[in-house]
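Q: I am attaching a structure below and will ask some questions about it afterwards.
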Amino acid sequence: GENVEQHPSTLSVQEGDSAVIKCTYSDSASNYFPWYKQELGKRPQLIIDIRSNVGEKKDQRIAVTLNKTAKHFSLHITETQPEDSAVYFCAASRETSGSRLTFGEGTQLTVNP
Amino acid sequence: GAVVSQHPSWVICKSGTSVKIECRSLDFQATTMFWYRQFPKQSLMLMATSNEGSKATYEQGVEKDKFLINHASLTLSTLTVTSAHPEDSSFYICSDTTRGGTDTQYFGPGTRLTVL
């Protein structure tokens with residue numbers, strides 16, 4: 001089955017700096033890669049996703065890149081703000097299998113004012 | 001706004017009792033819903049896939065007789081934790097999919113279960 005590894009497990013940055021979180025996956029048939037943000041005690045919220053037919057996607061301060069050859073994808077947050085502090089999860093799936101997501105272990109991002 | 005609701009948001013029960021958690025897909029008919037469990041400071045672990053009108057598909061290691069799933073309608077899936085024990089204490093989250101023609105999953109707010 002799919003295995004998703006996520007690094008780093010914790011990340012601390014100063015407000016205004018950029019943050020990068022990286023994930024690798026094992027199943028070459030995976031073609032859907034969402035990122036979720038989860039604040040303490042709350043539901044995971046989808047922040048951005050990418051499908052294998054594109055290499056990069058951007059939404060304001062958030063961007064995701066995908067390298068299918070190397071089987072890794074990354075989340076980039078620019079101009080970080082304290083409210084970006086949360087746990088971020090990457091995930092991967094084969095969309096044809098009914099969206100069975102495999103999650104990474106999560107990254108605790110702390111943005112210091 | 002929220003597209004998936006869960007009830008209750010938290011529950012405390014005694015060891016040996018059963019607890020039912022409801023997951024509702026709002027304004028959408030979800031043929032497939034998922035149930036996850038999340039322990040403190042850990043990732044989401046898929047427990048089972050809930051299919052409307054058929055038996056749920058359980059992940060390896062998840063006891064189907066302990067975690068009963070019923071998906072009797074297109075908007076409601078329920079998870080019943082039977083004979084709960086303290087080790088079942090966790091955050092249980094459901095999600096739906098295929099909303100808008102994509103396979104993106106949207107999560108419910110979760111249910112915090114504490115078994116004494």
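Please note that chains go A, B, ... in the order of the structure tokens, that every chain numbers its residues from 1, and that ligands are numbered from 1 in the order shown.
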Got a sec: who's within 10 Å of stretch 45-57 of chain B, counting only C-alpha atoms, leaving out chain neighbours fewer than 3 positions off, as a PyMOL selection string?
A: (chain A and resi 98-105) or (chain B and resi 29-39+42+60-64+67-79+92-96)
Q: With a cut-off of 7 Å, could you pull out the residues of chain B touching chain A and give me the nearest pair of atoms for each, distance in Å to one decimal, using only C-alpha atoms, ordered by chain and ascending number, as a Markdown table?
A:
| residue | atom | partner | partner_atom | distance |
| --- | --- | --- | --- | --- |
| B:Gln42 | CA | A:Glu105 | CA | 6.6 |
| B:Ser43 | CA | A:Glu105 | CA | 5.0 |
| B:Leu44 | CA | A:Phe103 | CA | 6.6 |
| B:Asp103 | CA | A:Ser99 | CA | 5.5 |
| B:Phe107 | CA | A:Arg43 | CA | 6.2 |
| B:Gly108 | CA | A:Arg43 | CA | 6.3 |
| B:Pro109 | CA | A:Arg43 | CA | 4.7 |
| B:Gly110 | CA | A:Arg43 | CA | 6.2 |
Q: List every residue of stretch 33-75 of chain B that DSSP, applied to the backbone of this structure, places in strand (DSSP E or B), and write the result as a PyMOL selection string.
A: chain B and resi 33-38+45-51+57-58+67-73
Q: Can you pull out the residues contacting A:Ala70? Cut-off 10 Å, using only C-alpha atoms, and skip same-chain residues under 4 positions away; I want them as a ChimeraX atom specification.
A: /A:24-26,28,66
Q: Tell me, as a list in words, which residues lie within 7 Å of A:His76, counting only C-alpha atoms; anything in the same chain fewer than 5 positions away does not count.
A: Ala19, Val20, Ile21, Ile62, Ala63 and Val64 of chain A
Q: Give me a file of those residues, with N, CA and C atoms, as a short mmCIF file (atom, residue, chain, number, x, y, z; two decimals), in the first residue's frame.
A:
data_model
loop_
_atom_site.label_atom_id
_atom_site.label_comp_id
_atom_site.auth_asym_id
_atom_site.auth_seq_id
_atom_site.Cartn_x
_atom_site.Cartn_y
_atom_site.Cartn_z
N ALA A 19 7.97 29.09 4.90
CA ALA A 19 8.01 27.75 5.50
C ALA A 19 7.81 26.73 4.39
N VAL A 20 8.60 25.66 4.46
CA VAL A 20 8.50 24.61 3.46
C VAL A 20 8.36 23.26 4.16
N ILE A 21 7.38 22.50 3.75
CA ILE A 21 7.15 21.16 4.30
C ILE A 21 7.18 20.18 3.12
N ILE A 62 0.13 30.47 -0.47
CA ILE A 62 0.37 29.03 -0.38
C ILE A 62 0.61 28.46 -1.77
N ALA A 63 1.60 27.59 -1.87
CA ALA A 63 1.88 26.93 -3.14
C ALA A 63 2.26 25.48 -2.87
N VAL A 64 1.98 24.64 -3.83
CA VAL A 64 2.38 23.24 -3.74
C VAL A 64 3.09 22.88 -5.04
#
Q: Give me the residues near B:Thr17 as a ChimeraX atom specification, where near means some atom within 10 Å (using only C-alpha atoms) and where sequence neighbours in that chain fewer than 6 positions away do not count.
A: /B:81-85,115
Q: So, counting only C-alpha atoms, which residue among A:Ser30, A:Thr10, A:Gln60, A:Asn67 is closest to A:Ser85?
A: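 Distance minimum relative to A:Ser85 lands on A:Thr10.
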Q: In Å to one decimal, how far is atom CA of A:Trp35 from atom CA of A:Ala91?
A: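 So the two atoms, atom CA of A:Ala91 and atom CA of A:Trp35, lie 6.4 Å apart.
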Q: Kindly indicate which residue among A:Pro113, A:Val54, A:Ala86, A:Asn31 lies nearest to A:Gly16, using only C-alpha atoms for the distances.
A: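 Closest residue, counting only C-alpha atoms: A:Pro113.
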Q: Atom CA of A:Ser52 and atom CA of A:Val4 are how many Å apart?
A: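 For atom CA of A:Ser52 relative to atom CA of A:Val4, the distance reads 15.8 Å.
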Q: Determine, counting only C-alpha atoms, which protein, DNA and RNA residues have an atom within 8 Å of an atom of B:Ser89; residues of the same chain fewer than 5 positions away are not included. Present the result as a list in words.
A: Arg112, Leu113, Thr114 and Val115 of chain B
Q: DSSP on the backbone, then: every residue of stretch 18-107 of chain B marked helix (DSSP H, G or I), written as an NGL selection string.
A: :B and (86-88 or 99-101)
Q: Using C-alpha atoms, can you export the residues from the last selection as a CSV table (one decimal), in the first residue's frame?
A:
chain,number,residue,atom,x,y,z
B,86,PRO,CA,-10.1,3.5,27.9
B,87,GLU,CA,-7.8,2.6,25.0
B,88,ASP,CA,-10.6,3.6,22.7
B,99,ARG,CA,-18.5,16.5,-3.6
B,100,GLY,CA,-18.6,18.6,-6.7
B,101,GLY,CA,-17.4,15.8,-8.9
